[in-house]
Amino acid sequence: MDSTKLTTEMENLKNKLRATWMAGDFGQIAKAYAIGAREFVERLELSIGTRVLDAACGTGNLSFPAARIGASVTGIDIAPNLIRQAEEANETEKLDAEFDIGDVEAMPYNDDSFDVVMTMFGAMFAPRPDVTAAELMRVCRPEGLVAMANWTPEGFIGQMFKTTGKHVPPPVGMPSPILWGTEDAVRERFAGAAKIETTKRTLWFTFPFGTDDTVEFFRMYYGPTQKAFAALEKDAQAALRKDLEELWAAANKATDGTTKVESEYLEVRVTTI
């Protein structure tokens, strides 16, 4: 399928997804796992001058740790407001980083443009996973690295999506993003790569307030959660809130009135041909 030719249905879906990620303020959510993002980048062992693409970069959770190491970083995301935040932060730090508005399924870069292509909880939400996988590999040089961090179905965020899905049907026309957190799907989508490695890892969401307030925090700032609440009537919103509050409370490891929840993700490393 030519990724540059979209059906009306796919164009509508992409517009809906863009609006979802522009809702709220994902930059606030990204701060909650900034330590995990930095650790993900550190494991890539980047060198000074390494050409790095942060695909579906959001506000630059991966971009800035990579640029501080000395890599030459480009970030791309479908949501203009998130790119604007990344650009504003880069104006302050003045790192070797630049940011573009664009679609990870049709990126404006030449073949073999980057040594490393990385994405954390970003490209997994593009609607056509096969197109996404092909595009990530296309812009990566031969024997380069494509590195992904994808929420698993069993992990906490996977369970949060499952809980929300009981109240609000997921978008029609795309596979579940959480399939990216399964080894079988990853190997199928990157079939033909020189090497594929997967490792299950975890990171922590920590907030200085309780789990009920954490649910409200996500309702305010996390686009998918905000959109889910907005799609429901008042009574149905209360039911969704109750289920999410119970989920966060059951997973909370903090005992001092704050929130500390561990969530599993699949770290994927693909060596290109």
# chains A, B, ... in the order shown; residues from 1 in each chain; ligands from 1
>>> closest_atom_pairs(of="region 89-116 of chain A", to="region 50-72 of chain A", cutoff="7 Å", atoms="only C-alpha atoms", output="tab-separated table")
residue	atom	partner	partner_atom	distance
A:Leu95	CA	A:Ala67	CA	6.1
A:Asp96	CA	A:Ser72	CA	5.3
A:Ala97	CA	A:Ser72	CA	6.1
A:Val104	CA	A:Ala55	CA	6.3
A:Phe114	CA	A:Arg51	CA	4.9
A:Asp115	CA	A:Arg51	CA	5.2
A:Val116	CA	A:Val52	CA	4.8
>>> residues_around(residues="region 190-202 of chain A", least_positions_apart="2", cutoff="7 Å", atoms="only C-alpha atoms", output="list of chain:residue names")
A:Ala133, A:Glu183, A:Val186, A:Arg187, A:Glu188, A:Trp204, A:Glu262, A:Ser263, A:Glu264, A:Tyr265, A:Leu266, A:Glu267, A:Val268, A:Arg269, A:Val270, A:Thr271, A:Thr272, A:Ile273
>>> write_last_selection(atoms="C-alpha atoms", output="PDB file, in the first residue's frame")
ATOM      1  CA  ALA A 133       7.701  -0.388  10.687  1.00  0.00           C
ATOM      2  CA  GLU A 183       7.110 -10.136  20.572  1.00  0.00           C
ATOM      3  CA  VAL A 186       7.143  -7.067  16.494  1.00  0.00           C
ATOM      4  CA  ARG A 187       8.803  -9.966  14.669  1.00  0.00           C
ATOM      5  CA  GLU A 188       6.042 -10.065  12.071  1.00  0.00           C
ATOM      6  CA  TRP A 204       7.841   4.071  37.348  1.00  0.00           C
ATOM      7  CA  GLU A 262       5.349   0.425  37.940  1.00  0.00           C
ATOM      8  CA  SER A 263       4.508  -0.219  34.278  1.00  0.00           C
ATOM      9  CA  GLU A 264       6.009  -2.790  31.936  1.00  0.00           C
ATOM     10  CA  TYR A 265       7.101  -2.122  28.377  1.00  0.00           C
ATOM     11  CA  LEU A 266       8.803  -4.081  25.618  1.00  0.00           C
ATOM     12  CA  GLU A 267      12.161  -2.723  24.538  1.00  0.00           C
ATOM     13  CA  VAL A 268      12.724  -3.577  20.867  1.00  0.00           C
ATOM     14  CA  ARG A 269      16.032  -3.421  19.017  1.00  0.00           C
ATOM     15  CA  VAL A 270      16.026  -3.992  15.275  1.00  0.00           C
ATOM     16  CA  THR A 271      19.243  -4.097  13.268  1.00  0.00           C
ATOM     17  CA  THR A 272      18.584  -3.066   9.693  1.00  0.00           C
ATOM     18  CA  ILE A 273      19.955  -4.885   6.638  1.00  0.00           C
TER      19      ILE A 273
END
>>> closest_residue(among="A:Leu203, A:Ala34, A:Leu232, A:Ile101", to="His167 (chain A)", atoms="only C-alpha atoms")
A:Leu232
>>> residues_around(residues="region 233-243 of chain A", least_positions_apart="4", cutoff="7 Å", atoms="only C-alpha atoms", output="PyMOL selection string")
chain A and resi 164+167+229+247
>>> write_last_selection(atoms="C-alpha atoms", output="mmCIF file, in the first residue's frame")
data_model
loop_
_atom_site.group_PDB
_atom_site.id
_atom_site.type_symbol
_atom_site.label_atom_id
_atom_site.label_comp_id
_atom_site.auth_asym_id
_atom_site.auth_seq_id
_atom_site.Cartn_x
_atom_site.Cartn_y
_atom_site.Cartn_z
ATOM 1 C CA THR A 164 -10.853 2.591 29.353
ATOM 2 C CA HIS A 167 -16.286 2.258 28.573
ATOM 3 C CA PHE A 229 -14.128 11.170 29.384
ATOM 4 C CA LEU A 247 -6.825 0.301 38.995
#
>>> select_by_dssp(residues="region 6-254 of chain A", states="alpha helix (DSSP H)", output="PDB file with C-alpha atoms, in the first residue's frame")
ATOM      1  CA  THR A   8     -10.965   9.317   3.228  1.00  0.00           C
ATOM      2  CA  GLU A   9     -11.510   7.029   6.214  1.00  0.00           C
ATOM      3  CA  MET A  10      -7.775   6.908   6.989  1.00  0.00           C
ATOM      4  CA  GLU A  11      -7.432  10.682   6.632  1.00  0.00           C
ATOM      5  CA  ASN A  12     -10.306  11.112   9.077  1.00  0.00           C
ATOM      6  CA  LEU A  13      -8.720   8.641  11.494  1.00  0.00           C
ATOM      7  CA  LYS A  14      -5.375  10.420  11.340  1.00  0.00           C
ATOM      8  CA  ASN A  15      -7.050  13.764  11.997  1.00  0.00           C
ATOM      9  CA  LYS A  16      -8.811  12.234  14.995  1.00  0.00           C
ATOM     10  CA  LEU A  17      -5.560  10.803  16.331  1.00  0.00           C
ATOM     11  CA  ARG A  18      -3.795  14.144  15.870  1.00  0.00           C
ATOM     12  CA  ALA A  19      -6.575  15.876  17.817  1.00  0.00           C
ATOM     13  CA  THR A  20      -6.254  13.266  20.573  1.00  0.00           C
ATOM     14  CA  TRP A  21      -2.538  13.898  21.081  1.00  0.00           C
ATOM     15  CA  MET A  22      -3.039  17.650  20.905  1.00  0.00           C
ATOM     16  CA  PHE A  26       1.261  15.519  27.028  1.00  0.00           C
ATOM     17  CA  GLY A  27       4.348  17.370  28.205  1.00  0.00           C
ATOM     18  CA  GLN A  28       3.020  17.035  31.763  1.00  0.00           C
ATOM     19  CA  ILE A  29       2.618  13.271  31.345  1.00  0.00           C
ATOM     20  CA  ALA A  30       6.076  12.896  29.781  1.00  0.00           C
ATOM     21  CA  LYS A  31       7.706  14.406  32.865  1.00  0.00           C
ATOM     22  CA  ALA A  34      11.502  11.210  32.227  1.00  0.00           C
ATOM     23  CA  ILE A  35      13.895   9.052  34.269  1.00  0.00           C
ATOM     24  CA  GLY A  36      12.824   5.936  32.369  1.00  0.00           C
ATOM     25  CA  ALA A  37      13.268   7.800  29.088  1.00  0.00           C
ATOM     26  CA  ARG A  38      16.788   8.831  30.015  1.00  0.00           C
ATOM     27  CA  GLU A  39      17.661   5.259  30.969  1.00  0.00           C
ATOM     28  CA  PHE A  40      16.310   4.011  27.628  1.00  0.00           C
ATOM     29  CA  VAL A  41      18.586   6.451  25.783  1.00  0.00           C
ATOM     30  CA  GLU A  42      21.597   5.573  27.931  1.00  0.00           C
ATOM     31  CA  ARG A  43      21.254   1.904  26.959  1.00  0.00           C
ATOM     32  CA  SER A  63      15.539  13.755  22.105  1.00  0.00           C
ATOM     33  CA  PHE A  64      17.084  15.837  24.859  1.00  0.00           C
ATOM     34  CA  PRO A  65      18.959  13.052  26.702  1.00  0.00           C
ATOM     35  CA  ALA A  66      20.377  11.968  23.326  1.00  0.00           C
ATOM     36  CA  ALA A  67      21.395  15.504  22.377  1.00  0.00           C
ATOM     37  CA  ARG A  68      23.053  16.053  25.767  1.00  0.00           C
ATOM     38  CA  ILE A  69      25.239  13.033  25.045  1.00  0.00           C
ATOM     39  CA  PRO A  80       2.184  20.776  16.425  1.00  0.00           C
ATOM     40  CA  ASN A  81       1.727  21.836  20.046  1.00  0.00           C
ATOM     41  CA  LEU A  82       4.124  19.127  21.252  1.00  0.00           C
ATOM     42  CA  ILE A  83       6.734  20.115  18.658  1.00  0.00           C
ATOM     43  CA  ARG A  84       6.359  23.718  19.776  1.00  0.00           C
ATOM     44  CA  GLN A  85       7.134  22.695  23.374  1.00  0.00           C
ATOM     45  CA  ALA A  86      10.202  20.765  22.208  1.00  0.00           C
ATOM     46  CA  GLU A  87      11.434  23.742  20.182  1.00  0.00           C
ATOM     47  CA  GLU A  88      10.931  26.097  23.117  1.00  0.00           C
ATOM     48  CA  ALA A  89      12.913  23.782  25.397  1.00  0.00           C
ATOM     49  CA  ASN A  90      15.668  23.510  22.810  1.00  0.00           C
ATOM     50  CA  GLU A  91      15.918  27.294  22.565  1.00  0.00           C
ATOM     51  CA  THR A  92      16.819  27.253  26.241  1.00  0.00           C
ATOM     52  CA  GLU A  93      19.320  24.395  26.083  1.00  0.00           C
ATOM     53  CA  PRO A 129       1.809  -0.669  12.008  1.00  0.00           C
ATOM     54  CA  ASP A 130       3.219  -2.322   8.880  1.00  0.00           C
ATOM     55  CA  VAL A 131       3.633   1.068   7.202  1.00  0.00           C
ATOM     56  CA  THR A 132       5.185   2.449  10.382  1.00  0.00           C
ATOM     57  CA  ALA A 133       7.701  -0.388  10.687  1.00  0.00           C
ATOM     58  CA  ALA A 134       8.717  -0.040   7.039  1.00  0.00           C
ATOM     59  CA  GLU A 135       9.147   3.719   7.417  1.00  0.00           C
ATOM     60  CA  LEU A 136      11.262   3.412  10.567  1.00  0.00           C
ATOM     61  CA  MET A 137      13.590   1.014   8.737  1.00  0.00           C
ATOM     62  CA  ARG A 138      13.626   3.067   5.524  1.00  0.00           C
ATOM     63  CA  PHE A 156      -0.086  -1.162  33.903  1.00  0.00           C
ATOM     64  CA  ILE A 157      -0.638   1.206  30.970  1.00  0.00           C
ATOM     65  CA  GLY A 158      -1.857  -1.730  28.890  1.00  0.00           C
ATOM     66  CA  GLN A 159      -4.368  -2.454  31.635  1.00  0.00           C
ATOM     67  CA  MET A 160      -5.348   1.210  31.775  1.00  0.00           C
ATOM     68  CA  PHE A 161      -6.150   1.126  28.056  1.00  0.00           C
ATOM     69  CA  LYS A 162      -8.116  -2.096  28.586  1.00  0.00           C
ATOM     70  CA  THR A 163     -10.087  -0.498  31.421  1.00  0.00           C
ATOM     71  CA  THR A 164     -10.853   2.591  29.353  1.00  0.00           C
ATOM     72  CA  GLY A 165     -11.847   0.405  26.389  1.00  0.00           C
ATOM     73  CA  GLU A 183       7.110 -10.136  20.572  1.00  0.00           C
ATOM     74  CA  ASP A 184       5.074 -11.955  17.902  1.00  0.00           C
ATOM     75  CA  ALA A 185       3.729  -8.720  16.412  1.00  0.00           C
ATOM     76  CA  VAL A 186       7.143  -7.067  16.494  1.00  0.00           C
ATOM     77  CA  ARG A 187       8.803  -9.966  14.669  1.00  0.00           C
ATOM     78  CA  GLU A 188       6.042 -10.065  12.071  1.00  0.00           C
ATOM     79  CA  ARG A 189       6.186  -6.321  11.415  1.00  0.00           C
ATOM     80  CA  THR A 211      -4.147   7.868  43.136  1.00  0.00           C
ATOM     81  CA  ASP A 212      -7.518   9.608  42.834  1.00  0.00           C
ATOM     82  CA  ASP A 213      -5.725  12.853  42.005  1.00  0.00           C
ATOM     83  CA  THR A 214      -3.527  10.914  39.574  1.00  0.00           C
ATOM     84  CA  VAL A 215      -6.619   9.810  37.669  1.00  0.00           C
ATOM     85  CA  GLU A 216      -7.718  13.449  37.516  1.00  0.00           C
ATOM     86  CA  PHE A 217      -4.207  14.428  36.372  1.00  0.00           C
ATOM     87  CA  PHE A 218      -4.477  11.993  33.451  1.00  0.00           C
ATOM     88  CA  ARG A 219      -7.993  13.209  32.681  1.00  0.00           C
ATOM     89  CA  MET A 220      -6.681  16.753  32.415  1.00  0.00           C
ATOM     90  CA  TYR A 221      -3.409  16.192  30.574  1.00  0.00           C
ATOM     91  CA  GLY A 223      -5.119  13.172  25.438  1.00  0.00           C
ATOM     92  CA  PRO A 224      -6.540   9.618  25.181  1.00  0.00           C
ATOM     93  CA  THR A 225      -7.961   9.793  28.717  1.00  0.00           C
ATOM     94  CA  GLN A 226      -9.324  13.305  28.235  1.00  0.00           C
ATOM     95  CA  LYS A 227     -11.037  12.289  24.993  1.00  0.00           C
ATOM     96  CA  ALA A 228     -12.478   9.158  26.607  1.00  0.00           C
ATOM     97  CA  PHE A 229     -14.128  11.170  29.384  1.00  0.00           C
ATOM     98  CA  ALA A 230     -15.414  13.741  26.899  1.00  0.00           C
ATOM     99  CA  LYS A 234     -21.952  12.288  33.303  1.00  0.00           C
ATOM    100  CA  ASP A 235     -22.965   8.950  34.856  1.00  0.00           C
ATOM    101  CA  ALA A 236     -20.743   7.020  32.476  1.00  0.00           C
ATOM    102  CA  GLN A 237     -17.835   9.350  33.295  1.00  0.00           C
ATOM    103  CA  ALA A 238     -18.283   8.512  36.965  1.00  0.00           C
ATOM    104  CA  ALA A 239     -18.138   4.795  36.188  1.00  0.00           C
ATOM    105  CA  LEU A 240     -14.952   5.197  34.171  1.00  0.00           C
ATOM    106  CA  ARG A 241     -13.384   7.304  36.905  1.00  0.00           C
ATOM    107  CA  LYS A 242     -14.254   4.687  39.534  1.00  0.00           C
ATOM    108  CA  ASP A 243     -12.650   1.881  37.520  1.00  0.00           C
ATOM    109  CA  LEU A 244      -9.495   3.921  36.867  1.00  0.00           C
ATOM    110  CA  GLU A 245      -9.220   4.951  40.509  1.00  0.00           C
ATOM    111  CA  GLU A 246      -9.464   1.300  41.553  1.00  0.00           C
ATOM    112  CA  LEU A 247      -6.825   0.301  38.995  1.00  0.00           C
ATOM    113  CA  TRP A 248      -4.346   2.952  40.159  1.00  0.00           C
ATOM    114  CA  ALA A 249      -5.017   2.218  43.837  1.00  0.00           C
ATOM    115  CA  ALA A 250      -4.440  -1.522  43.393  1.00  0.00           C
ATOM    116  CA  ALA A 251      -1.118  -0.925  41.620  1.00  0.00           C
TER     117      ALA A 251
END
>>> residues_around(residues="Pro175 (chain A)", least_positions_apart="4", cutoff="12 Å", atoms="only C-alpha atoms", output="JSON, numbers by chain")
{"A": [124, 125, 126, 127, 128, 129, 130, 170, 171, 179, 180, 185]}
>>> write_last_selection(atoms="C-alpha atoms", output="CSV table (one decimal), in the first residue's frame")
chain,number,residue,atom,x,y,z
A,124,MET,CA,3.2,2.4,18.4
A,125,PHE,CA,0.1,4.7,18.2
A,126,ALA,CA,0.3,5.2,14.4
A,127,PRO,CA,-2.7,3.6,12.8
A,128,ARG,CA,-0.9,1.3,10.2
A,129,PRO,CA,1.8,-0.7,12.0
A,130,ASP,CA,3.2,-2.3,8.9
A,170,PRO,CA,-11.2,2.2,20.6
A,171,PRO,CA,-10.8,3.9,17.2
A,179,LEU,CA,0.0,-5.3,20.1
A,180,TRP,CA,3.4,-3.5,19.6
A,185,ALA,CA,3.7,-8.7,16.4
>>> residues_around(residues="Gly102 (chain A)", least_positions_apart="2", cutoff="6 Å", atoms="only C-alpha atoms", output="list in words")
Ile76, Asp77 and Ile78 of chain A
>>> select_by_dssp(residues="region 196-245 of chain A", states="strand (DSSP E)", output="PyMOL selection string")
chain A and resi 196-207
>>> atom_distance(atom1="CA of Thr74 (chain A)", atom2="CA of Met118 (chain A)")
10.4 Å
>>> closest_residue(among="A:Val261, A:Met174, A:Val73, A:Ala231", to="Gly210 (chain A)", atoms="only C-alpha atoms")
A:Val261
